[in-house]
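**Student:** Supplied structure: entry_10.cif, mmCIF, C-alpha atoms.
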```cif
data_protein
loop_
_atom_site.label_atom_id
_atom_site.label_comp_id
_atom_site.auth_asym_id
_atom_site.auth_seq_id
_atom_site.Cartn_x
_atom_site.Cartn_y
_atom_site.Cartn_z
CA MET A 1 101.23 -19.08 34.54
CA LYS A 2 99.98 -17.60 31.28
CA ALA A 3 96.35 -18.24 30.35
CA ILE A 4 93.65 -16.80 28.15
CA THR A 5 90.83 -15.28 30.21
CA TYR A 6 87.76 -13.11 29.81
CA SER A 7 85.60 -11.30 32.37
CA GLU A 8 82.61 -10.30 30.25
CA PHE A 9 80.59 -11.81 27.44
CA GLY A 10 81.25 -10.60 23.92
CA GLY A 11 83.18 -11.18 20.72
CA PRO A 12 86.70 -12.55 20.36
CA GLU A 13 88.09 -9.19 21.50
CA VAL A 14 87.15 -9.98 25.14
CA LEU A 15 89.84 -12.70 25.22
CA GLY A 16 93.16 -11.66 26.70
CA LEU A 17 96.48 -13.27 27.61
CA THR A 18 96.92 -12.85 31.38
CA GLU A 19 98.93 -14.11 34.33
CA VAL A 20 96.92 -16.35 36.70
CA GLU A 21 97.69 -18.67 39.59
CA GLU A 22 98.84 -22.15 38.63
CA PRO A 23 96.40 -24.95 39.53
CA HIS A 24 97.68 -27.96 41.47
CA ALA A 25 96.49 -31.55 41.33
CA GLY A 26 94.04 -32.57 44.03
CA PRO A 27 92.66 -36.05 44.77
CA GLY A 28 91.74 -37.88 41.57
CA GLN A 29 93.43 -35.27 39.36
CA VAL A 30 96.56 -34.93 37.30
CA ARG A 31 98.13 -31.66 36.25
CA LEU A 32 99.30 -31.30 32.66
CA LYS A 33 101.80 -28.99 31.14
CA VAL A 34 99.61 -28.25 28.13
CA VAL A 35 101.25 -28.83 24.76
CA ALA A 36 98.12 -28.37 22.63
CA ALA A 37 94.59 -27.18 23.38
CA ALA A 38 91.77 -27.58 20.85
CA VAL A 39 89.29 -24.83 20.01
CA ASN A 40 85.64 -25.92 19.91
CA PRO A 41 82.39 -24.24 18.83
CA LEU A 42 81.19 -24.48 22.43
CA ASP A 43 84.05 -22.17 23.45
CA HIS A 44 82.65 -19.20 21.55
CA LYS A 45 79.05 -20.06 22.48
CA ILE A 46 79.98 -19.80 26.17
CA ARG A 47 82.00 -16.63 25.47
CA ASN A 48 78.98 -15.03 23.80
CA GLY A 49 76.81 -15.79 26.84
CA TRP A 50 74.61 -18.27 24.97
CA MET A 51 75.13 -21.22 27.35
CA PRO A 52 74.16 -20.11 30.89
CA PRO A 53 74.01 -23.64 32.36
CA MET A 54 77.60 -24.29 31.23
CA THR A 55 79.11 -20.92 32.13
CA PRO A 56 81.58 -20.89 35.04
CA PRO A 57 82.13 -17.74 37.10
CA PHE A 58 84.31 -14.94 35.72
CA PRO A 59 87.15 -14.74 34.94
CA ILE A 60 86.80 -17.68 32.56
CA THR A 61 89.62 -19.61 30.92
CA PRO A 62 88.19 -21.46 27.89
CA GLY A 63 89.32 -24.79 26.52
CA LEU A 64 87.53 -28.15 26.65
CA GLU A 65 90.13 -30.64 25.37
CA VAL A 66 93.90 -30.79 25.72
CA ALA A 67 97.00 -32.89 25.27
CA GLY A 68 100.07 -32.50 27.44
CA ILE A 69 102.68 -33.92 29.79
CA VAL A 70 101.70 -34.98 33.31
CA ASP A 71 103.75 -33.04 35.87
CA GLU A 72 101.69 -33.63 39.04
CA VAL A 73 99.68 -36.67 40.11
CA GLY A 74 97.07 -36.32 42.86
CA GLU A 75 96.03 -38.86 45.45
CA ASP A 76 94.05 -41.91 44.32
CA VAL A 77 95.22 -41.64 40.70
CA THR A 78 96.59 -44.84 39.19
CA GLY A 79 97.90 -45.88 35.79
CA VAL A 80 99.74 -42.64 35.07
CA ALA A 81 103.00 -41.08 36.24
CA VAL A 82 104.83 -37.78 36.03
CA GLY A 83 106.29 -37.49 32.54
CA ASP A 84 103.53 -39.42 30.78
CA ALA A 85 101.92 -37.87 27.71
CA VAL A 86 98.11 -37.82 27.84
CA LEU A 87 95.07 -36.46 26.04
CA GLY A 88 91.63 -35.73 27.41
CA TRP A 89 89.34 -33.18 28.99
CA PRO A 90 90.46 -30.55 31.53
CA VAL A 91 88.50 -29.53 34.62
CA THR A 92 90.23 -26.17 34.40
CA GLY A 93 90.40 -24.20 31.14
CA GLY A 94 92.68 -25.66 28.50
CA TYR A 95 93.85 -22.34 27.02
CA ALA A 96 96.64 -22.19 29.57
CA GLU A 97 100.16 -23.37 30.31
CA TYR A 98 98.83 -25.85 32.91
CA ALA A 99 95.48 -27.61 33.31
CA LEU A 100 93.98 -30.21 35.62
CA SER A 101 92.23 -33.32 34.35
CA THR A 102 90.34 -36.30 35.75
CA ASP A 103 89.30 -37.88 32.43
CA PHE A 104 92.18 -38.75 30.10
CA ALA A 105 94.09 -41.46 28.27
CA LEU A 106 97.75 -42.13 27.63
CA LYS A 107 98.86 -40.70 24.28
CA PRO A 108 100.48 -43.14 21.85
CA ALA A 109 104.03 -42.04 21.16
CA ASP A 110 103.42 -41.72 17.42
CA LEU A 111 100.27 -39.57 17.77
CA GLU A 112 100.96 -35.92 16.90
CA TRP A 113 100.20 -33.42 19.64
CA ASP A 114 97.76 -31.32 17.61
CA THR A 115 95.80 -34.41 16.58
CA ALA A 116 95.78 -35.65 20.17
CA ALA A 117 94.18 -32.41 21.35
CA ALA A 118 91.63 -32.49 18.52
CA LEU A 119 90.50 -36.07 19.14
CA PRO A 120 88.70 -36.44 22.51
CA THR A 121 85.43 -34.56 22.00
CA ALA A 122 84.87 -35.66 18.41
CA VAL A 123 85.35 -39.32 19.33
CA GLU A 124 83.35 -39.26 22.56
CA THR A 125 80.46 -37.41 20.93
CA SER A 126 80.21 -39.68 17.91
CA VAL A 127 80.58 -42.91 19.88
CA ARG A 128 77.85 -41.71 22.26
CA VAL A 129 75.47 -40.79 19.42
CA LEU A 130 76.09 -43.94 17.39
CA ASP A 131 75.50 -46.02 20.52
CA LEU A 132 72.24 -44.16 21.23
CA LEU A 133 71.15 -44.77 17.64
CA GLU A 134 72.34 -48.40 17.80
CA VAL A 135 73.96 -47.99 14.40
CA GLY A 136 75.27 -51.21 12.94
CA GLU A 137 75.52 -53.49 9.94
CA GLY A 138 72.81 -52.81 7.37
CA ASP A 139 71.85 -49.35 8.59
CA THR A 140 71.71 -46.33 6.31
CA LEU A 141 72.76 -43.37 8.45
CA LEU A 142 72.27 -39.74 7.43
CA ILE A 143 74.75 -37.35 9.07
CA HIS A 144 73.98 -33.64 8.89
CA GLY A 145 77.22 -31.63 9.00
CA ALA A 146 79.30 -34.61 7.98
CA ALA A 147 82.41 -32.64 6.96
CA GLY A 148 82.85 -30.97 10.33
CA VAL A 149 85.32 -32.47 12.78
CA VAL A 150 82.67 -34.27 14.83
CA GLY A 151 80.62 -35.30 11.82
CA ALA A 152 83.64 -36.64 9.95
CA VAL A 153 84.62 -38.83 12.90
CA GLY A 154 81.01 -40.01 13.01
CA VAL A 155 81.23 -40.96 9.33
CA GLN A 156 84.31 -43.07 9.88
CA LEU A 157 83.04 -44.82 13.00
CA ALA A 158 79.66 -45.58 11.37
CA VAL A 159 81.33 -46.99 8.26
CA ALA A 160 83.49 -49.16 10.51
CA ARG A 161 80.29 -50.51 12.10
CA GLY A 162 79.04 -51.61 8.68
CA ALA A 163 76.60 -48.76 8.00
CA THR A 164 76.03 -46.97 4.71
CA VAL A 165 76.56 -43.27 5.42
CA ILE A 166 74.96 -40.33 3.60
CA GLY A 167 76.67 -37.09 4.59
CA THR A 168 75.50 -33.52 4.04
CA ALA A 169 78.16 -30.95 3.23
CA SER A 170 79.00 -28.15 0.84
CA PRO A 171 80.14 -29.36 -2.61
CA ALA A 172 83.71 -28.30 -1.76
CA ASN A 173 83.79 -31.06 0.88
CA HIS A 174 82.24 -33.84 -1.18
CA GLU A 175 85.52 -35.42 -2.25
CA TYR A 176 86.67 -35.37 1.37
CA LEU A 177 83.53 -37.24 2.45
CA ARG A 178 84.00 -39.78 -0.32
CA SER A 179 87.52 -40.39 0.97
CA LEU A 180 86.01 -41.25 4.36
CA GLY A 181 83.54 -43.71 2.85
CA ALA A 182 80.40 -41.56 2.80
CA VAL A 183 78.02 -40.71 -0.02
CA PRO A 184 77.95 -36.88 -0.07
CA VAL A 185 74.90 -34.73 -0.72
CA ALA A 186 74.67 -30.93 -0.78
CA TYR A 187 72.65 -29.32 1.98
CA GLY A 188 70.05 -26.63 1.31
CA GLU A 189 66.81 -26.53 -0.67
CA GLY A 190 65.90 -29.88 -2.17
CA LEU A 191 67.93 -31.83 0.40
CA GLY A 192 65.18 -34.41 0.90
CA ASP A 193 65.09 -35.30 -2.79
CA ARG A 194 68.88 -35.60 -2.92
CA VAL A 195 68.97 -37.85 0.14
CA ARG A 196 66.24 -40.10 -1.26
CA ALA A 197 68.12 -40.36 -4.55
CA ALA A 198 71.35 -41.25 -2.73
CA ALA A 199 69.59 -43.75 -0.46
CA PRO A 200 66.75 -45.37 -2.43
CA GLN A 201 66.75 -48.12 0.20
CA GLY A 202 65.66 -45.53 2.76
CA VAL A 203 67.30 -43.88 5.77
CA THR A 204 67.18 -45.85 9.03
CA ALA A 205 68.86 -43.34 11.38
CA VAL A 206 69.92 -39.69 11.51
CA TYR A 207 72.82 -38.04 13.35
CA ASP A 208 72.44 -34.26 13.32
CA ALA A 209 75.80 -32.62 13.98
CA ALA A 210 74.84 -29.35 12.25
CA GLY A 211 71.76 -27.93 13.96
CA GLN A 212 70.59 -26.14 10.82
CA GLY A 213 66.86 -26.85 11.10
CA ASP A 214 66.78 -30.21 9.32
CA LEU A 215 65.01 -32.17 12.07
CA PRO A 216 61.53 -32.04 10.43
CA LEU A 217 63.01 -33.50 7.24
CA SER A 218 64.88 -36.08 9.29
CA ILE A 219 61.66 -37.16 10.97
CA ASP A 220 60.05 -37.57 7.57
CA LEU A 221 62.98 -39.63 6.30
CA VAL A 222 63.15 -42.15 9.16
CA GLY A 223 59.39 -42.48 9.52
CA SER A 224 58.07 -44.05 12.70
CA THR A 225 61.37 -45.52 13.92
CA GLY A 226 62.36 -42.34 15.77
CA ARG A 227 66.05 -43.07 15.36
CA ILE A 228 67.28 -39.47 15.36
CA VAL A 229 69.79 -37.81 17.66
CA THR A 230 70.93 -34.19 17.48
CA ILE A 231 73.85 -32.60 19.27
CA ALA A 232 73.15 -29.12 17.93
CA ASP A 233 69.45 -28.30 17.43
CA PRO A 234 67.69 -26.75 20.47
CA SER A 235 64.27 -27.43 18.90
CA ALA A 236 64.75 -31.17 19.52
CA ALA A 237 62.46 -31.43 22.54
CA ASP A 238 59.58 -29.67 20.77
CA LEU A 239 59.83 -32.22 17.96
CA GLY A 240 60.23 -35.27 20.17
CA VAL A 241 63.83 -35.81 19.06
CA THR A 242 66.62 -36.89 21.38
CA PHE A 243 69.16 -34.17 22.17
CA SER A 244 72.49 -35.49 23.43
CA GLY A 245 74.66 -32.88 25.08
CA GLY A 246 77.20 -34.78 27.12
CA GLY A 247 78.24 -38.17 28.32
CA ALA A 248 79.97 -40.16 31.04
CA PRO A 249 83.77 -40.18 31.54
CA PHE A 250 85.38 -41.62 28.44
CA GLY A 251 89.10 -41.70 29.16
CA SER A 252 89.18 -45.46 29.57
CA ARG A 253 87.95 -45.87 25.97
CA LEU A 254 89.81 -42.94 24.42
CA ALA A 255 93.16 -44.76 24.14
CA GLU A 256 91.61 -47.27 21.72
CA TYR A 257 90.63 -44.52 19.28
CA ALA A 258 93.93 -42.68 19.69
CA GLN A 259 95.66 -45.88 18.58
CA GLN A 260 93.30 -46.14 15.60
CA VAL A 261 94.59 -42.75 14.43
CA VAL A 262 98.18 -44.00 14.66
CA ASP A 263 97.19 -47.15 12.77
CA GLY A 264 95.59 -45.12 9.97
CA LYS A 265 92.07 -46.35 10.72
CA LEU A 266 90.73 -42.96 11.87
CA THR A 267 91.57 -39.40 10.86
CA VAL A 268 90.89 -35.97 12.36
CA ARG A 269 91.48 -32.85 10.28
CA VAL A 270 93.58 -30.19 11.99
CA THR A 271 93.55 -27.05 9.89
CA GLN A 272 95.70 -24.64 11.89
CA SER A 273 97.98 -24.49 14.92
CA LEU A 274 98.44 -21.11 16.59
CA PRO A 275 100.28 -19.73 19.63
CA LEU A 276 98.22 -19.18 22.79
CA ALA A 277 98.28 -15.39 22.33
CA ASP A 278 96.26 -15.85 19.10
CA ALA A 279 93.25 -17.34 20.91
CA ALA A 280 90.94 -14.59 19.62
CA LYS A 281 91.94 -15.33 16.04
CA ALA A 282 91.49 -19.05 16.66
CA GLN A 283 87.97 -18.66 18.04
CA GLU A 284 87.04 -16.29 15.21
CA LEU A 285 88.13 -18.90 12.64
CA VAL A 286 85.88 -21.49 14.28
CA GLU A 287 82.96 -19.13 14.90
CA THR A 288 82.85 -17.83 11.33
CA GLY A 289 83.21 -21.29 9.78
CA HIS A 290 86.47 -20.39 8.05
CA ALA A 291 88.31 -23.38 9.49
CA ALA A 292 88.18 -26.56 7.40
CA GLY A 293 89.11 -28.65 10.43
CA LYS A 294 90.18 -28.31 14.03
CA VAL A 295 92.06 -25.22 15.20
CA VAL A 296 94.62 -25.86 17.94
CA LEU A 297 96.45 -23.53 20.34
CA ARG A 298 100.02 -24.15 21.46
CA PRO A 299 100.61 -22.61 24.92
CA SER A 300 104.36 -23.29 24.85
CA GLU A 301 104.88 -21.34 21.62
#
```
Please lay out the structure from this file as structure tokens.
**Tutor:**
Amino acid sequence: MKAITYSEFGGPEVLGLTEVEEPHAGPGQVRLKVVAAAVNPLDHKIRNGWMPPMTPPFPITPGLEVAGIVDEVGEDVTGVAVGDAVLGWPVTGGYAEYALSTDFALKPADLEWDTAAALPTAVETSVRVLDLLEVGEGDTLLIHGAAGVVGAVGVQLAVARGATVIGTASPANHEYLRSLGAVPVAYGEGLGDRVRAAAPQGVTAVYDAAGQGDLPLSIDLVGSTGRIVTIADPSAADLGVTFSGGGAPFGSRLAEYAQQVVDGKLTVRVTQSLPLADAAKAQELVETGHAAGKVVLRPSE
């Protein structure tokens, strides 16, 4: 099968379209013919050699979330059959014509393929963080990086829980955040004053999806409650802040949120869909911050 691989750390140029052996479903696994594979910031962090604990042996096929058609079902797998459309997380790299998965959900028929591939990680991450923070009715939640894919899903889920959401973003994204139900503030110098002006009632919890060094300010804003979680700032431990880097299998809950997208209750921005051979371009768009939403690869195109 065709897959994107790399055998050394480096820039996007190390990615290449190659022929590799097809994987086959073992016990507890399904094999997908991949229709769409999402590109995530973690993909280029692993490619650059910045994430040793998460780096598989070379050659590496990237890709952490996919949507596709089941074409093999392994032993002990129930609730899914050959021909079903699913979305979820692969155990083999998603930038490929075929991938194996153990954690997935059935895709609603009306959910677009690109959106399906873009949904799993953003939803799982934000549900996990909001649960850790125990965000609910009456809270005022500050989300750093609110206009990113993960942050924007966090905004919507927090608003649905009854929270008031203050979201940091560049001014170009402020109208977008308003459309999601957040109160936008510009990041950068003077952020604390802008947050206090936007939330005179005070901030009760902070979700850091940006990792741009705002944890000391966040600590000051929430006071002694300690309700701060970051998914992006490696200084968290030194500051006594919770770092959340992964969760338990989520496929059983993912279908609920996929249906919310179909019902118009949840949105995920997909900015570009590219053929598999353009994986280097796709990762560069994400790495340089030039993508205003999720970038998706289409292995069949």
**Student:** Of the candidates A:Ser224, A:Thr61, A:Gln29, A:Thr102, which shows the shortest atom-to-atom distance to Pro249 in chain A, using all atoms listed in the file?
**Tutor:**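 Among the listed residues, the smallest separation from Pro249 in chain A belongs to A:Thr102.
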**Student:** Can you find the residues with an atom no farther than 8 Å from (97.6, -22.3, 38.0), counting all atoms listed in the file, and report them as JSON, numbers by chain?
**Tutor:** {"A": [1, 20, 21, 22, 23, 24, 98, 99]}
**Student:** Padding of 3 Å on every side, edges along x, y and z, all listed atoms of range 60-65 of chain A included: what centre and edge lengths in Å, to one decimal, does that box have, as AutoDock Vina command-line options?
**Tutor:**
```
--center_x 88.5 --center_y -24.2 --center_z 29.0 --size_x 9.3 --size_y 19.0 --size_z 13.2
```
**Student:** Could you give me, as number ranges by chain, the residues within 9 Å of Gly246 in chain A, counting all atoms listed in the file and dropping anything in the same chain fewer than 4 positions from it?
**Tutor:** A: 124-125, 128, 231
**Student:** In Å, how far is it from CA of Leu32 in chain A to CA of Ala291 in chain A?
**Tutor:**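 Pair CA of Leu32 in chain A / CA of Ala291 in chain A returns 26.8 Å.
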**Student:** Let me know the residues the PyMOL selection byres ((chain A and resi 37) around 9) catches in the file above, as a list in words.
**Tutor:**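 Residues picked by the PyMOL selection byres ((chain A and resi 37) around 9): Val34, Val35, Ala36, Ala38, Val39, Gly63, Leu64, Glu65, Val66, Ala67, Gly68, Gly94, Tyr95, Ala96, Asp114, Ala117, Ala118, Leu276, Val295, Val296, Leu297, Arg298 and Pro299 of chain A.
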**Student:** Would you fill out range 212-223 of chain A with all heavy atoms and return it as an mmCIF file, in the frame of the given file?
**Tutor:**
```cif
data_model
loop_
_atom_site.group_PDB
_atom_site.id
_atom_site.type_symbol
_atom_site.label_atom_id
_atom_site.label_comp_id
_atom_site.auth_asym_id
_atom_site.auth_seq_id
_atom_site.Cartn_x
_atom_site.Cartn_y
_atom_site.Cartn_z
ATOM 1 N N GLN A 212 71.007 -27.152 11.787
ATOM 2 C CA GLN A 212 70.590 -26.140 10.820
ATOM 3 C C GLN A 212 69.114 -26.242 10.447
ATOM 4 O O GLN A 212 68.702 -25.816 9.372
ATOM 5 C CB GLN A 212 71.454 -26.261 9.560
ATOM 6 C CG GLN A 212 72.933 -26.004 9.793
ATOM 7 C CD GLN A 212 73.197 -24.591 10.293
ATOM 8 O OE1 GLN A 212 72.673 -23.632 9.743
ATOM 9 N NE2 GLN A 212 73.991 -24.471 11.344
ATOM 10 N N GLY A 213 68.303 -26.817 11.340
ATOM 11 C CA GLY A 213 66.860 -26.850 11.100
ATOM 12 C C GLY A 213 66.383 -28.005 10.259
ATOM 13 O O GLY A 213 65.282 -27.935 9.684
ATOM 14 N N ASP A 214 67.152 -29.081 10.171
ATOM 15 C CA ASP A 214 66.780 -30.210 9.320
ATOM 16 C C ASP A 214 66.083 -31.339 10.075
ATOM 17 O O ASP A 214 65.890 -32.426 9.517
ATOM 18 C CB ASP A 214 68.027 -30.770 8.624
ATOM 19 C CG ASP A 214 68.573 -29.822 7.571
ATOM 20 O OD1 ASP A 214 67.757 -29.254 6.823
ATOM 21 O OD2 ASP A 214 69.805 -29.639 7.505
ATOM 22 N N LEU A 215 65.660 -31.103 11.315
ATOM 23 C CA LEU A 215 65.010 -32.170 12.070
ATOM 24 C C LEU A 215 63.647 -32.560 11.478
ATOM 25 O O LEU A 215 63.336 -33.762 11.412
ATOM 26 C CB LEU A 215 64.868 -31.793 13.542
ATOM 27 C CG LEU A 215 66.182 -31.719 14.337
ATOM 28 C CD1 LEU A 215 65.893 -31.444 15.806
ATOM 29 C CD2 LEU A 215 66.999 -33.004 14.200
ATOM 30 N N PRO A 216 62.799 -31.610 11.042
ATOM 31 C CA PRO A 216 61.530 -32.040 10.430
ATOM 32 C C PRO A 216 61.733 -32.960 9.228
ATOM 33 O O PRO A 216 61.034 -33.976 9.085
ATOM 34 C CB PRO A 216 60.866 -30.721 10.035
ATOM 35 C CG PRO A 216 61.403 -29.728 11.030
ATOM 36 C CD PRO A 216 62.836 -30.144 11.227
ATOM 37 N N LEU A 217 62.698 -32.632 8.367
ATOM 38 C CA LEU A 217 63.010 -33.500 7.240
ATOM 39 C C LEU A 217 63.508 -34.850 7.735
ATOM 40 O O LEU A 217 63.139 -35.905 7.191
ATOM 41 C CB LEU A 217 64.072 -32.852 6.347
ATOM 42 C CG LEU A 217 64.672 -33.749 5.257
ATOM 43 C CD1 LEU A 217 63.600 -34.197 4.272
ATOM 44 C CD2 LEU A 217 65.813 -33.030 4.539
ATOM 45 N N SER A 218 64.342 -34.833 8.753
ATOM 46 C CA SER A 218 64.880 -36.080 9.290
ATOM 47 C C SER A 218 63.774 -36.986 9.796
ATOM 48 O O SER A 218 63.795 -38.202 9.574
ATOM 49 C CB SER A 218 65.874 -35.774 10.416
ATOM 50 O OG SER A 218 66.941 -34.976 9.954
ATOM 51 N N ILE A 219 62.803 -36.385 10.477
ATOM 52 C CA ILE A 219 61.660 -37.160 10.970
ATOM 53 C C ILE A 219 60.917 -37.801 9.810
ATOM 54 O O ILE A 219 60.515 -38.976 9.859
ATOM 55 C CB ILE A 219 60.729 -36.257 11.802
ATOM 56 C CG1 ILE A 219 61.437 -35.821 13.091
ATOM 57 C CG2 ILE A 219 59.418 -36.976 12.130
ATOM 58 C CD1 ILE A 219 60.721 -34.708 13.840
ATOM 59 N N ASP A 220 60.737 -37.056 8.754
ATOM 60 C CA ASP A 220 60.050 -37.570 7.570
ATOM 61 C C ASP A 220 60.835 -38.729 6.939
ATOM 62 O O ASP A 220 60.255 -39.722 6.487
ATOM 63 C CB ASP A 220 59.868 -36.441 6.565
ATOM 64 C CG ASP A 220 59.057 -36.862 5.347
ATOM 65 O OD1 ASP A 220 57.945 -37.408 5.531
ATOM 66 O OD2 ASP A 220 59.544 -36.667 4.217
ATOM 67 N N LEU A 221 62.148 -38.614 6.943
ATOM 68 C CA LEU A 221 62.980 -39.630 6.300
ATOM 69 C C LEU A 221 63.006 -40.951 7.060
ATOM 70 O O LEU A 221 62.991 -42.026 6.454
ATOM 71 C CB LEU A 221 64.411 -39.106 6.131
ATOM 72 C CG LEU A 221 64.618 -38.024 5.068
ATOM 73 C CD1 LEU A 221 65.995 -37.401 5.208
ATOM 74 C CD2 LEU A 221 64.432 -38.606 3.664
ATOM 75 N N VAL A 222 63.051 -40.899 8.385
ATOM 76 C CA VAL A 222 63.150 -42.150 9.160
ATOM 77 C C VAL A 222 61.788 -42.739 9.475
ATOM 78 O O VAL A 222 61.697 -43.890 9.930
ATOM 79 C CB VAL A 222 63.947 -41.964 10.467
ATOM 80 C CG1 VAL A 222 65.351 -41.509 10.194
ATOM 81 C CG2 VAL A 222 63.240 -40.994 11.418
ATOM 82 N N GLY A 223 60.720 -41.954 9.259
ATOM 83 C CA GLY A 223 59.390 -42.480 9.520
ATOM 84 C C GLY A 223 59.135 -42.703 10.997
ATOM 85 O O GLY A 223 59.534 -41.897 11.842
#
```
